[in-house]
Amino acid sequence: MHAEWDNAHTDYTTDPTRPEPAGLTETEADWRSHLEHETPNGWLLRGNAMTETLASGRPIHLMHTTVALDAIRASGHLYASTGCLVAALYCAPLTPEPVGLRPHNLGSYLLETKKHTSTLVFEITPDAPVPPKGIDYLRLGAIHLRTYLTHRSFLTEHEDAKLRRTALQRVQAAAPFLDTATGTPTPDADFIDQLAATVPAFPFLGYLYFEVLSEYLMLHSTSRETKAYAQLGEMNNRLYKQLAFSAVQGMDKLFDLSRFNPGHGRLLNLVGQIETDLTAGVAQYTRRRLSHLFATVALAPDQDAASFTFHHPDFDTLTKAAPGLLGQLVFRDLRVIDRYPQLYLAFEQAKAMEAWAYWNTEGVPAPFNGTVPKGEVGINPAYPRADCAVWVAETCDRGLLHPVEQLDVKFLPRLAELAMTAMRRDETGKAAGHRQ
């Protein structure tokens, strides 16, 4: 169990040692070296302000936007939520300055776009320097699968049978592209068009596609804005926000990456709108990078990516050969069954307990989103060895935050209710972040 969680975390300050499938054209170490040393902003992977603050052992300042300030005051409790940080309270970093707390550019974006929310400021004083280990939600598939297998007795026979049948149907429908992704050389444009066409039947690919492009934009951008953020030790989060909102109508209201599937022509147009010089390399990068990441997050280390085929699978075979892939499918299809609001805590609280135990063992009060260390960082609500002070804050004309009211609240090691999370049901009754 600990090894699974360890493999789902990335430390960008050390060389990668994660086990990988055989038959890969490039290893994770090859990619890490390329990204760090051969891209304009690759130095930020190892030396960004967020991870340097975590590793310093000094107090950590974070901001969180909320629509539930009255409920927080009344209850005196704070809860974590699910999402890319699994079981942490989603925050952005703050940097103390003589005249206020300066938000990371992700935080500034949140303040600009979430006018209807209140802002909380946290000061976390850890007992020791925090290991700069970020959790990569793309690598949680094996944990999702084990959680389902452990708790499948909570499902009716009909629900369980449908869940398994749907997963196999998705793999069968996507098999031509999945085999291409893991081993068949394909021209860049054809690869991206096939990827885009497969996302509706295989929603996890939308998440993978988006994260690959986010990485590409943040590491390759040379705009004035990106350079200014880099001087502060920050990756430019506005790049991928613009990409998502331009690519998918309504993404600003419901951030659902299962709907992210631009074809080749559309992709070039979207990237050109963000930064013209980035269009030339985006297609090749996407093909190479997505193929590598898909194989490493989908297949078990004892598989050969070049020879494995997704045609005609059965559930037990995929459980052993592609636990990461199967777990991501089951996780997302579980979220759209009718009884999921009642079952939510049974499945997600189980993962949360494991995540908290891992973070506590490893000394992590503030885990970050490890797909790329872009500034998404959370608070571990179960950490026993850190002091935490909480304030309501106001934003001044300079964009700095100023604490104005200290709250008497405590974190509880329990997930927030589904209706208060990013996985809530949308207006049609479907779970956010997934389409049937």
# chains A, B, ... in the order shown; residues from 1 in each chain; ligands from 1
>>> residues_around(residues="region 273-281 of chain A", least_positions_apart="4", cutoff="10 Å", atoms="only C-alpha atoms", output="VMD selection string")
chain A and resid 216 to 217 220 to 223 238 to 240 242 to 243 246 267 to 269 285 to 286
>>> residues_around(residues="Tyr12 (chain A)", least_positions_apart="5", cutoff="8 Å", atoms="only C-alpha atoms", output="list in words")
Leu45, Arg46, Pro132 and Lys133 of chain A
>>> write_last_selection(atoms="all heavy atoms", output="PDB file, in the first residue's frame")
ATOM      1  N   LEU A  45      11.136  23.286 -12.543  1.00  0.00           N
ATOM      2  CA  LEU A  45      10.724  21.995 -12.013  1.00  0.00           C
ATOM      3  C   LEU A  45      11.430  21.704 -10.693  1.00  0.00           C
ATOM      4  O   LEU A  45      10.822  21.232  -9.729  1.00  0.00           O
ATOM      5  CB  LEU A  45      11.029  20.877 -13.013  1.00  0.00           C
ATOM      6  CG  LEU A  45      10.177  20.834 -14.283  1.00  0.00           C
ATOM      7  CD1 LEU A  45      10.731  19.804 -15.251  1.00  0.00           C
ATOM      8  CD2 LEU A  45       8.723  20.520 -13.942  1.00  0.00           C
ATOM      9  N   ARG A  46      12.708  22.008 -10.647  1.00  0.00           N
ATOM     10  CA  ARG A  46      13.506  21.702  -9.463  1.00  0.00           C
ATOM     11  C   ARG A  46      13.589  22.891  -8.505  1.00  0.00           C
ATOM     12  O   ARG A  46      13.690  22.700  -7.290  1.00  0.00           O
ATOM     13  CB  ARG A  46      14.913  21.288  -9.897  1.00  0.00           C
ATOM     14  CG  ARG A  46      15.798  20.761  -8.793  1.00  0.00           C
ATOM     15  CD  ARG A  46      17.169  20.369  -9.330  1.00  0.00           C
ATOM     16  NE  ARG A  46      17.098  19.209 -10.186  1.00  0.00           N
ATOM     17  CZ  ARG A  46      17.378  17.959  -9.798  1.00  0.00           C
ATOM     18  NH1 ARG A  46      17.727  17.718  -8.548  1.00  0.00           N
ATOM     19  NH2 ARG A  46      17.309  16.963 -10.664  1.00  0.00           N
ATOM     20  N   PRO A 132       9.576  17.684  -0.659  1.00  0.00           N
ATOM     21  CA  PRO A 132       8.888  18.269  -1.815  1.00  0.00           C
ATOM     22  C   PRO A 132       8.299  17.192  -2.726  1.00  0.00           C
ATOM     23  O   PRO A 132       8.663  17.058  -3.899  1.00  0.00           O
ATOM     24  CB  PRO A 132      10.001  19.063  -2.508  1.00  0.00           C
ATOM     25  CG  PRO A 132      11.249  18.312  -2.182  1.00  0.00           C
ATOM     26  CD  PRO A 132      11.048  17.750  -0.794  1.00  0.00           C
ATOM     27  N   LYS A 133       7.376  16.410  -2.187  1.00  0.00           N
ATOM     28  CA  LYS A 133       6.765  15.304  -2.920  1.00  0.00           C
ATOM     29  C   LYS A 133       5.336  15.681  -3.290  1.00  0.00           C
ATOM     30  O   LYS A 133       4.515  15.956  -2.418  1.00  0.00           O
ATOM     31  CB  LYS A 133       6.769  14.032  -2.079  1.00  0.00           C
ATOM     32  CG  LYS A 133       8.163  13.583  -1.666  1.00  0.00           C
ATOM     33  CD  LYS A 133       8.129  12.405  -0.717  1.00  0.00           C
ATOM     34  CE  LYS A 133       7.733  11.136  -1.427  1.00  0.00           C
ATOM     35  NZ  LYS A 133       8.018   9.944  -0.642  1.00  0.00           N
TER      36      LYS A 133
END
>>> closest_atom_pairs(of="region 65-165 of chain A", to="region 330-351 of chain A", cutoff="7 Å", atoms="only C-alpha atoms", output="JSON lines")
{"residue": "A:His144", "atom": "CA", "partner": "A:Phe331", "partner_atom": "CA", "distance": 6.0}
{"residue": "A:Leu145", "atom": "CA", "partner": "A:Val330", "partner_atom": "CA", "distance": 6.9}
{"residue": "A:Thr147", "atom": "CA", "partner": "A:Phe347", "partner_atom": "CA", "distance": 6.6}
{"residue": "A:His151", "atom": "CA", "partner": "A:Phe347", "partner_atom": "CA", "distance": 6.9}
{"residue": "A:Leu163", "atom": "CA", "partner": "A:Asp333", "partner_atom": "CA", "distance": 6.6}
>>> write_last_selection(atoms="N, CA and C atoms", output="CSV table (one decimal), in the first residue's frame")
chain,number,residue,atom,x,y,z
A,144,HIS,N,-7.1,3.6,-7.1
A,144,HIS,CA,-8.6,3.6,-7.4
A,144,HIS,C,-9.1,2.1,-7.6
A,145,LEU,N,-8.3,1.3,-8.3
A,145,LEU,CA,-8.7,-0.1,-8.5
A,145,LEU,C,-8.8,-0.9,-7.2
A,147,THR,N,-9.2,0.2,-4.2
A,147,THR,CA,-10.3,0.7,-3.4
A,147,THR,C,-11.6,0.1,-3.9
A,151,HIS,N,-14.0,-2.5,-1.7
A,151,HIS,CA,-15.3,-2.0,-1.3
A,151,HIS,C,-16.4,-2.3,-2.2
A,163,LEU,N,-20.7,-1.7,-14.0
A,163,LEU,CA,-19.5,-1.0,-13.9
A,163,LEU,C,-18.4,-1.7,-14.6
>>> residues_around(residues="Leu35 (chain A)", least_positions_apart="4", cutoff="10 Å", atoms="only C-alpha atoms", output="list in words")
Ala29, Asp30, Trp31, Thr39, Pro40, Asn41, Gly42, Trp43, Leu44, Leu45, Glu215, Tyr216, Leu219 and His220 of chain A
>>> residues_around(residues="Val404 (chain A)", least_positions_apart="2", cutoff="10 Å", atoms="only C-alpha atoms", output="number ranges by chain")
A: 120-121, 391-394, 401-402, 406-407
>>> select_by_dssp(residues="region 41-153 of chain A", states="strand (DSSP E or B)", output="compact mmCIF listing (two decimals) with all heavy atoms, in the first residue's frame")
# COMPACT_ATOMS: atom_id res chain seq x y z
N ILE A 60 4.55 28.14 6.27
CA ILE A 60 4.00 28.08 4.92
C ILE A 60 2.71 28.89 4.90
O ILE A 60 1.82 28.67 5.73
CB ILE A 60 3.70 26.61 4.52
CG1 ILE A 60 4.96 25.76 4.61
CG2 ILE A 60 3.09 26.53 3.12
CD1 ILE A 60 4.68 24.26 4.65
N HIS A 61 2.61 29.83 3.97
CA HIS A 61 1.42 30.68 3.87
C HIS A 61 0.64 30.30 2.62
O HIS A 61 1.20 30.23 1.52
CB HIS A 61 1.82 32.15 3.83
CG HIS A 61 2.46 32.63 5.09
ND1 HIS A 61 3.82 32.50 5.32
CD2 HIS A 61 1.94 33.18 6.22
CE1 HIS A 61 4.11 32.98 6.52
NE2 HIS A 61 2.99 33.40 7.08
N LEU A 62 -0.65 30.03 2.80
CA LEU A 62 -1.50 29.56 1.71
C LEU A 62 -2.82 30.31 1.73
O LEU A 62 -3.26 30.81 2.78
CB LEU A 62 -1.78 28.06 1.85
CG LEU A 62 -0.57 27.12 1.91
CD1 LEU A 62 -1.00 25.71 2.26
CD2 LEU A 62 0.18 27.14 0.59
N MET A 63 -3.48 30.40 0.59
CA MET A 63 -4.80 31.01 0.49
C MET A 63 -5.79 30.01 -0.10
O MET A 63 -5.43 29.14 -0.88
CB MET A 63 -4.77 32.26 -0.40
CG MET A 63 -4.29 32.04 -1.82
SD MET A 63 -4.78 33.34 -2.99
CE MET A 63 -6.50 32.89 -3.28
N HIS A 64 -7.03 30.16 0.33
CA HIS A 64 -8.11 29.28 -0.13
C HIS A 64 -9.35 30.13 -0.32
O HIS A 64 -9.68 30.97 0.54
CB HIS A 64 -8.37 28.19 0.92
CG HIS A 64 -9.61 27.38 0.68
ND1 HIS A 64 -9.70 26.41 -0.31
CD2 HIS A 64 -10.83 27.40 1.30
CE1 HIS A 64 -10.90 25.87 -0.27
NE2 HIS A 64 -11.60 26.45 0.68
N THR A 65 -10.04 29.95 -1.44
CA THR A 65 -11.30 30.67 -1.66
C THR A 65 -12.47 29.75 -1.32
O THR A 65 -12.43 28.56 -1.60
CB THR A 65 -11.42 31.14 -3.12
OG1 THR A 65 -11.33 30.03 -4.00
CG2 THR A 65 -10.33 32.14 -3.46
N THR A 66 -13.51 30.32 -0.71
CA THR A 66 -14.64 29.51 -0.26
C THR A 66 -15.95 30.26 -0.38
O THR A 66 -15.98 31.50 -0.26
CB THR A 66 -14.44 29.06 1.21
OG1 THR A 66 -15.55 28.26 1.62
CG2 THR A 66 -14.32 30.26 2.14
N HIS A 77 -15.23 24.09 11.96
CA HIS A 77 -14.53 22.96 11.36
C HIS A 77 -14.14 23.25 9.91
O HIS A 77 -14.85 23.97 9.18
CB HIS A 77 -15.41 21.70 11.38
CG HIS A 77 -15.74 21.24 12.74
ND1 HIS A 77 -16.90 20.55 13.04
CD2 HIS A 77 -15.07 21.36 13.93
CE1 HIS A 77 -16.93 20.26 14.33
NE2 HIS A 77 -15.83 20.75 14.89
N LEU A 78 -13.02 22.69 9.50
CA LEU A 78 -12.58 22.72 8.11
C LEU A 78 -12.37 21.29 7.65
O LEU A 78 -11.84 20.45 8.39
CB LEU A 78 -11.26 23.48 7.98
CG LEU A 78 -11.34 25.01 8.12
CD1 LEU A 78 -9.96 25.58 8.41
CD2 LEU A 78 -11.91 25.62 6.85
N TYR A 79 -12.79 21.01 6.41
CA TYR A 79 -12.67 19.68 5.84
C TYR A 79 -11.86 19.74 4.55
O TYR A 79 -11.82 20.77 3.87
CB TYR A 79 -14.04 19.08 5.52
CG TYR A 79 -14.99 19.00 6.69
CD1 TYR A 79 -15.97 19.98 6.87
CD2 TYR A 79 -14.92 17.96 7.60
CE1 TYR A 79 -16.86 19.91 7.93
CE2 TYR A 79 -15.80 17.89 8.67
CZ TYR A 79 -16.77 18.86 8.83
OH TYR A 79 -17.64 18.80 9.89
N ALA A 80 -11.25 18.63 4.21
CA ALA A 80 -10.59 18.49 2.91
C ALA A 80 -11.62 18.05 1.89
O ALA A 80 -12.76 17.71 2.21
CB ALA A 80 -9.47 17.47 3.01
N SER A 81 -11.21 18.05 0.62
CA SER A 81 -12.10 17.58 -0.44
C SER A 81 -11.30 16.73 -1.42
O SER A 81 -10.07 16.71 -1.40
CB SER A 81 -12.75 18.76 -1.17
OG SER A 81 -11.77 19.54 -1.82
N ALA A 88 -7.03 16.78 0.30
CA ALA A 88 -6.45 17.97 0.92
C ALA A 88 -7.32 19.18 0.62
O ALA A 88 -8.14 19.16 -0.30
CB ALA A 88 -5.03 18.20 0.39
N LEU A 89 -7.16 20.23 1.41
CA LEU A 89 -7.86 21.49 1.15
C LEU A 89 -7.08 22.25 0.08
O LEU A 89 -5.92 22.60 0.27
CB LEU A 89 -7.96 22.32 2.42
CG LEU A 89 -8.76 23.62 2.28
CD1 LEU A 89 -10.25 23.31 2.19
CD2 LEU A 89 -8.47 24.55 3.45
N TYR A 90 -7.72 22.52 -1.05
CA TYR A 90 -7.06 23.11 -2.22
C TYR A 90 -6.69 24.56 -1.94
O TYR A 90 -7.52 25.38 -1.57
CB TYR A 90 -7.99 23.03 -3.42
CG TYR A 90 -7.41 23.55 -4.71
CD1 TYR A 90 -6.77 22.68 -5.60
CD2 TYR A 90 -7.52 24.88 -5.07
CE1 TYR A 90 -6.24 23.15 -6.80
CE2 TYR A 90 -7.01 25.36 -6.26
CZ TYR A 90 -6.37 24.49 -7.13
OH TYR A 90 -5.86 24.96 -8.32
N CYS A 91 -5.41 24.90 -2.16
CA CYS A 91 -4.91 26.25 -1.87
C CYS A 91 -3.91 26.68 -2.94
O CYS A 91 -3.52 25.90 -3.82
CB CYS A 91 -4.20 26.29 -0.52
SG CYS A 91 -5.23 25.90 0.91
N ALA A 92 -3.49 27.93 -2.84
CA ALA A 92 -2.40 28.47 -3.64
C ALA A 92 -1.41 29.15 -2.70
O ALA A 92 -1.80 29.65 -1.63
CB ALA A 92 -2.94 29.47 -4.67
N PRO A 93 -0.13 29.22 -3.07
CA PRO A 93 0.88 29.78 -2.16
C PRO A 93 0.78 31.29 -2.03
O PRO A 93 0.32 32.00 -2.92
CB PRO A 93 2.21 29.40 -2.84
CG PRO A 93 1.87 28.30 -3.81
CD PRO A 93 0.47 28.58 -4.26
N LEU A 94 1.25 31.77 -0.88
CA LEU A 94 1.40 33.19 -0.61
C LEU A 94 2.84 33.46 -0.19
O LEU A 94 3.46 32.63 0.48
CB LEU A 94 0.46 33.62 0.52
CG LEU A 94 -1.05 33.54 0.26
CD1 LEU A 94 -1.81 33.72 1.57
CD2 LEU A 94 -1.48 34.58 -0.77
N THR A 95 3.34 34.62 -0.57
CA THR A 95 4.69 35.03 -0.17
C THR A 95 4.60 36.25 0.71
O THR A 95 4.07 37.29 0.29
CB THR A 95 5.55 35.36 -1.41
OG1 THR A 95 5.64 34.19 -2.24
CG2 THR A 95 6.94 35.80 -0.99
N PRO A 96 5.08 36.17 1.95
CA PRO A 96 5.04 37.35 2.83
C PRO A 96 5.94 38.47 2.30
O PRO A 96 7.10 38.23 1.93
CB PRO A 96 5.57 36.80 4.16
CG PRO A 96 5.40 35.32 4.08
CD PRO A 96 5.58 34.97 2.64
N GLU A 97 5.39 39.67 2.25
CA GLU A 97 6.14 40.86 1.89
C GLU A 97 5.90 41.90 2.98
O GLU A 97 4.96 41.77 3.77
CB GLU A 97 5.72 41.37 0.51
CG GLU A 97 6.05 40.39 -0.61
CD GLU A 97 5.85 40.97 -2.00
OE1 GLU A 97 5.24 42.05 -2.11
OE2 GLU A 97 6.31 40.33 -2.97
N GLY A 100 2.20 43.10 2.94
CA GLY A 100 1.09 42.18 2.74
C GLY A 100 1.56 40.83 2.23
O GLY A 100 2.77 40.57 2.11
N LEU A 101 0.61 39.96 1.95
CA LEU A 101 0.90 38.62 1.43
C LEU A 101 0.64 38.61 -0.08
O LEU A 101 -0.47 38.88 -0.53
CB LEU A 101 0.01 37.58 2.11
CG LEU A 101 0.26 37.39 3.62
CD1 LEU A 101 -0.90 36.63 4.25
CD2 LEU A 101 1.57 36.63 3.84
N ARG A 102 1.69 38.32 -0.84
CA ARG A 102 1.56 38.33 -2.30
C ARG A 102 1.12 36.97 -2.81
O ARG A 102 1.79 35.96 -2.58
CB ARG A 102 2.90 38.71 -2.96
CG ARG A 102 2.84 38.68 -4.49
CD ARG A 102 4.15 39.11 -5.10
NE ARG A 102 5.28 38.31 -4.66
CZ ARG A 102 5.57 37.07 -5.12
NH1 ARG A 102 4.79 36.50 -6.04
NH2 ARG A 102 6.62 36.42 -4.65
N PRO A 103 0.00 36.91 -3.52
CA PRO A 103 -0.45 35.62 -4.05
C PRO A 103 0.43 35.14 -5.20
O PRO A 103 0.93 35.95 -6.00
CB PRO A 103 -1.87 35.91 -4.56
CG PRO A 103 -2.27 37.21 -3.95
CD PRO A 103 -1.00 37.96 -3.76
N SER A 118 -15.20 34.17 -0.47
CA SER A 118 -14.37 34.76 0.58
C SER A 118 -13.00 34.10 0.54
O SER A 118 -12.85 32.97 0.05
CB SER A 118 -15.01 34.54 1.96
OG SER A 118 -16.30 35.12 2.01
N THR A 119 -12.01 34.79 1.06
CA THR A 119 -10.64 34.28 1.02
C THR A 119 -10.15 34.00 2.43
O THR A 119 -10.25 34.85 3.32
CB THR A 119 -9.69 35.28 0.34
OG1 THR A 119 -10.19 35.61 -0.96
CG2 THR A 119 -8.30 34.68 0.20
N LEU A 120 -9.62 32.79 2.62
CA LEU A 120 -8.99 32.41 3.88
C LEU A 120 -7.48 32.37 3.69
O LEU A 120 -6.99 31.98 2.63
CB LEU A 120 -9.47 31.04 4.35
CG LEU A 120 -10.97 30.88 4.61
CD1 LEU A 120 -11.26 29.48 5.13
CD2 LEU A 120 -11.49 31.93 5.57
N VAL A 121 -6.76 32.76 4.71
CA VAL A 121 -5.30 32.69 4.73
C VAL A 121 -4.89 31.74 5.84
O VAL A 121 -5.41 31.81 6.96
CB VAL A 121 -4.69 34.08 4.95
CG1 VAL A 121 -3.22 33.97 5.36
CG2 VAL A 121 -4.81 34.93 3.69
N PHE A 122 -3.96 30.85 5.51
CA PHE A 122 -3.45 29.87 6.47
C PHE A 122 -1.96 30.09 6.69
O PHE A 122 -1.22 30.35 5.73
CB PHE A 122 -3.66 28.44 5.96
CG PHE A 122 -5.09 28.07 5.74
CD1 PHE A 122 -5.73 28.37 4.54
CD2 PHE A 122 -5.81 27.43 6.73
CE1 PHE A 122 -7.05 28.02 4.33
CE2 PHE A 122 -7.14 27.09 6.53
CZ PHE A 122 -7.75 27.39 5.33
N GLU A 123 -1.54 29.99 7.92
CA GLU A 123 -0.11 29.95 8.24
C GLU A 123 0.15 28.61 8.92
O GLU A 123 -0.31 28.35 10.03
CB GLU A 123 0.29 31.09 9.17
CG GLU A 123 1.79 31.08 9.47
CD GLU A 123 2.21 32.22 10.39
OE1 GLU A 123 1.97 32.08 11.62
OE2 GLU A 123 2.74 33.22 9.90
N ILE A 124 0.88 27.75 8.22
CA ILE A 124 1.20 26.42 8.72
C ILE A 124 2.66 26.40 9.14
O ILE A 124 3.55 26.71 8.34
CB ILE A 124 0.95 25.35 7.64
CG1 ILE A 124 -0.51 25.40 7.18
CG2 ILE A 124 1.31 23.96 8.15
CD1 ILE A 124 -0.78 24.55 5.97
N THR A 125 2.90 26.05 10.37
CA THR A 125 4.27 25.97 10.88
C THR A 125 4.62 24.49 11.07
O THR A 125 4.19 23.85 12.03
CB THR A 125 4.42 26.72 12.22
OG1 THR A 125 3.97 28.06 12.05
CG2 THR A 125 5.86 26.72 12.67
N PRO A 126 5.37 23.92 10.13
CA PRO A 126 5.68 22.48 10.21
C PRO A 126 6.74 22.20 11.26
O PRO A 126 7.48 23.11 11.68
CB PRO A 126 6.19 22.16 8.80
CG PRO A 126 6.78 23.44 8.32
CD PRO A 126 5.95 24.55 8.94
N LYS A 133 7.38 16.41 -2.19
CA LYS A 133 6.77 15.30 -2.92
C LYS A 133 5.34 15.68 -3.29
O LYS A 133 4.51 15.96 -2.42
CB LYS A 133 6.77 14.03 -2.08
CG LYS A 133 8.16 13.58 -1.67
CD LYS A 133 8.13 12.40 -0.72
CE LYS A 133 7.73 11.14 -1.43
NZ LYS A 133 8.02 9.94 -0.64
N GLY A 134 5.05 15.73 -4.59
CA GLY A 134 3.72 16.09 -5.05
C GLY A 134 2.96 14.87 -5.53
O GLY A 134 3.53 13.97 -6.16
N ILE A 135 1.67 14.84 -5.26
CA ILE A 135 0.86 13.71 -5.68
C ILE A 135 0.34 13.93 -7.09
O ILE A 135 -0.18 15.00 -7.42
CB ILE A 135 -0.30 13.44 -4.70
CG1 ILE A 135 -1.02 12.16 -5.08
CG2 ILE A 135 -1.25 14.63 -4.60
CD1 ILE A 135 -1.87 11.59 -4.00
>>> select_by_dssp(residues="region 233-435 of chain A", states="alpha helix (DSSP H)", output="PyMOL selection string")
chain A and resi 238-247+264-274+279-298+315-321+323-334+340-362
>>> residues_around(residues="Leu326 (chain A)", least_positions_apart="2", cutoff="9 Å", atoms="only C-alpha atoms", output="NGL selection string")
:A and (141-142 or 144-145 or 167-168 or 171 or 298 or 315 or 318-319 or 322-324 or 328-331)
>>> closest_residue(among="A:Arg224, A:Ala128, A:Ala22, A:Gly399", to="Pro59 (chain A)", atoms="only C-alpha atoms")
A:Ala128
>>> residues_around(residues="Ala197 (chain A)", least_positions_apart="2", cutoff="12 Å", atoms="only C-alpha atoms", output="ChimeraX atom specification")
/A:173-174,176-178,190-195,199-203,205-206,259-264
>>> residues_around(residues="region 6-11 of chain A", least_positions_apart="4", cutoff="8 Å", atoms="only C-alpha atoms", output="CSV table (one decimal) with all heavy atoms, in the first residue's frame")
chain,number,residue,atom,x,y,z
A,2,HIS,N,1.9,1.3,0.9
A,2,HIS,CA,2.8,2.5,0.9
A,2,HIS,C,3.5,2.7,-0.4
A,2,HIS,O,3.7,3.8,-0.8
A,2,HIS,CB,3.8,2.3,2.1
A,2,HIS,CG,4.6,3.5,2.4
A,2,HIS,ND1,4.1,4.5,3.3
A,2,HIS,CD2,5.7,4.0,1.9
A,2,HIS,CE1,5.0,5.5,3.3
A,2,HIS,NE2,6.0,5.2,2.5
A,15,ASP,N,16.4,12.4,-8.9
A,15,ASP,CA,16.2,11.7,-10.1
A,15,ASP,C,15.1,10.6,-9.9
A,15,ASP,O,15.0,10.0,-8.8
A,15,ASP,CB,17.5,11.0,-10.5
A,15,ASP,CG,18.6,12.0,-10.9
A,15,ASP,OD1,18.2,13.1,-11.3
A,15,ASP,OD2,19.8,11.7,-10.7
A,16,PRO,N,14.3,10.4,-11.0
A,16,PRO,CA,13.2,9.4,-10.8
A,16,PRO,C,13.7,8.0,-10.7
A,16,PRO,O,14.7,7.6,-11.3
A,16,PRO,CB,12.4,9.6,-12.1
A,16,PRO,CG,13.4,10.2,-13.1
A,16,PRO,CD,14.3,11.0,-12.3
A,18,ARG,N,11.0,5.5,-10.2
A,18,ARG,CA,9.8,4.7,-10.3
A,18,ARG,C,9.9,3.6,-11.3
A,18,ARG,O,10.5,3.7,-12.3
A,18,ARG,CB,8.6,5.6,-10.8
A,18,ARG,CG,7.5,5.8,-9.9
A,18,ARG,CD,6.4,6.6,-10.4
A,18,ARG,NE,6.7,7.8,-11.1
A,18,ARG,CZ,6.4,9.0,-10.7
A,18,ARG,NH1,5.6,9.2,-9.7
A,18,ARG,NH2,6.7,10.1,-11.4
A,132,PRO,N,9.6,17.7,-0.7
A,132,PRO,CA,8.9,18.3,-1.8
A,132,PRO,C,8.3,17.2,-2.7
A,132,PRO,O,8.7,17.1,-3.9
A,132,PRO,CB,10.0,19.1,-2.5
A,132,PRO,CG,11.2,18.3,-2.2
A,132,PRO,CD,11.0,17.8,-0.8
A,133,LYS,N,7.4,16.4,-2.2
A,133,LYS,CA,6.8,15.3,-2.9
A,133,LYS,C,5.3,15.7,-3.3
A,133,LYS,O,4.5,16.0,-2.4
A,133,LYS,CB,6.8,14.0,-2.1
A,133,LYS,CG,8.2,13.6,-1.7
A,133,LYS,CD,8.1,12.4,-0.7
A,133,LYS,CE,7.7,11.1,-1.4
A,133,LYS,NZ,8.0,9.9,-0.6
A,134,GLY,N,5.1,15.7,-4.6
A,134,GLY,CA,3.7,16.1,-5.0
A,134,GLY,C,3.0,14.9,-5.5
A,134,GLY,O,3.5,14.0,-6.2
A,135,ILE,N,1.7,14.8,-5.3
A,135,ILE,CA,0.9,13.7,-5.7
A,135,ILE,C,0.3,13.9,-7.1
A,135,ILE,O,-0.2,15.0,-7.4
A,135,ILE,CB,-0.3,13.4,-4.7
A,135,ILE,CG1,-1.0,12.2,-5.1
A,135,ILE,CG2,-1.3,14.6,-4.6
A,135,ILE,CD1,-1.9,11.6,-4.0
A,136,ASP,N,0.5,12.9,-7.9
A,136,ASP,CA,0.1,13.0,-9.4
A,136,ASP,C,-1.2,12.2,-9.5
A,136,ASP,O,-1.1,11.0,-9.5
A,136,ASP,CB,1.3,12.4,-10.2
A,136,ASP,CG,1.0,12.6,-11.7
A,136,ASP,OD1,-0.2,12.8,-12.1
A,136,ASP,OD2,1.9,12.4,-12.5
A,137,TYR,N,-2.3,12.9,-9.7
A,137,TYR,CA,-3.6,12.2,-9.8
A,137,TYR,C,-3.6,11.3,-11.0
A,137,TYR,O,-4.4,10.3,-11.0
A,137,TYR,CB,-4.7,13.2,-9.8
A,137,TYR,CG,-5.0,13.9,-11.1
A,137,TYR,CD1,-5.9,13.4,-12.0
A,137,TYR,CD2,-4.3,15.1,-11.4
A,137,TYR,CE1,-6.2,14.1,-13.2
A,137,TYR,CE2,-4.6,15.8,-12.5
A,137,TYR,CZ,-5.5,15.3,-13.4
A,137,TYR,OH,-5.7,16.0,-14.6
A,139,ARG,N,-1.5,9.1,-11.7
A,139,ARG,CA,-0.9,7.9,-11.3
A,139,ARG,C,-1.6,7.2,-10.2
A,139,ARG,O,-1.1,6.3,-9.5
A,139,ARG,CB,0.6,8.1,-10.9
A,139,ARG,CG,1.4,8.7,-12.1
A,139,ARG,CD,2.8,8.9,-11.7
A,139,ARG,NE,3.7,9.4,-12.7
A,139,ARG,CZ,4.2,8.7,-13.7
A,139,ARG,NH1,4.1,7.4,-13.6
A,139,ARG,NH2,4.9,9.3,-14.6
A,140,LEU,N,-2.9,7.6,-10.0
A,140,LEU,CA,-3.6,7.0,-8.9
A,140,LEU,C,-4.5,5.8,-9.3
A,140,LEU,O,-5.2,5.2,-8.5
A,140,LEU,CB,-4.6,8.0,-8.3
A,140,LEU,CG,-4.0,9.2,-7.5
A,140,LEU,CD1,-5.0,10.2,-7.1
A,140,LEU,CD2,-3.3,8.6,-6.2
A,370,GLY,N,1.4,17.1,-8.2
A,370,GLY,CA,2.7,16.7,-8.7
A,370,GLY,C,2.7,16.4,-10.2
A,370,GLY,O,3.7,15.9,-10.7
A,371,THR,N,1.6,16.7,-10.9
A,371,THR,CA,1.6,16.5,-12.4
A,371,THR,C,2.7,17.4,-12.9
A,371,THR,O,3.6,17.0,-13.7
A,371,THR,CB,0.3,16.8,-13.1
A,371,THR,OG1,-0.1,18.1,-12.7
A,371,THR,CG2,-0.8,15.8,-12.7
>>> closest_residue(among="A:Glu4, A:Asn105, A:Ala295, A:Ala305", to="Ala355 (chain A)", atoms="only C-alpha atoms")
A:Glu4
>>> atom_distance(atom1="CA of Ala230 (chain A)", atom2="CA of Glu52 (chain A)")
13.8 Å
>>> atom_distance(atom1="CA of Val99 (chain A)", atom2="CA of Tyr229 (chain A)")
19.6 Å
>>> atom_distance(atom1="CA of Tyr383 (chain A)", atom2="CA of Asn360 (chain A)")
5.7 Å
>>> closest_residue(among="A:Ser33, A:Leu24, A:Ser307, A:Asp314", to="Arg165 (chain A)", atoms="only C-alpha atoms")
A:Asp314
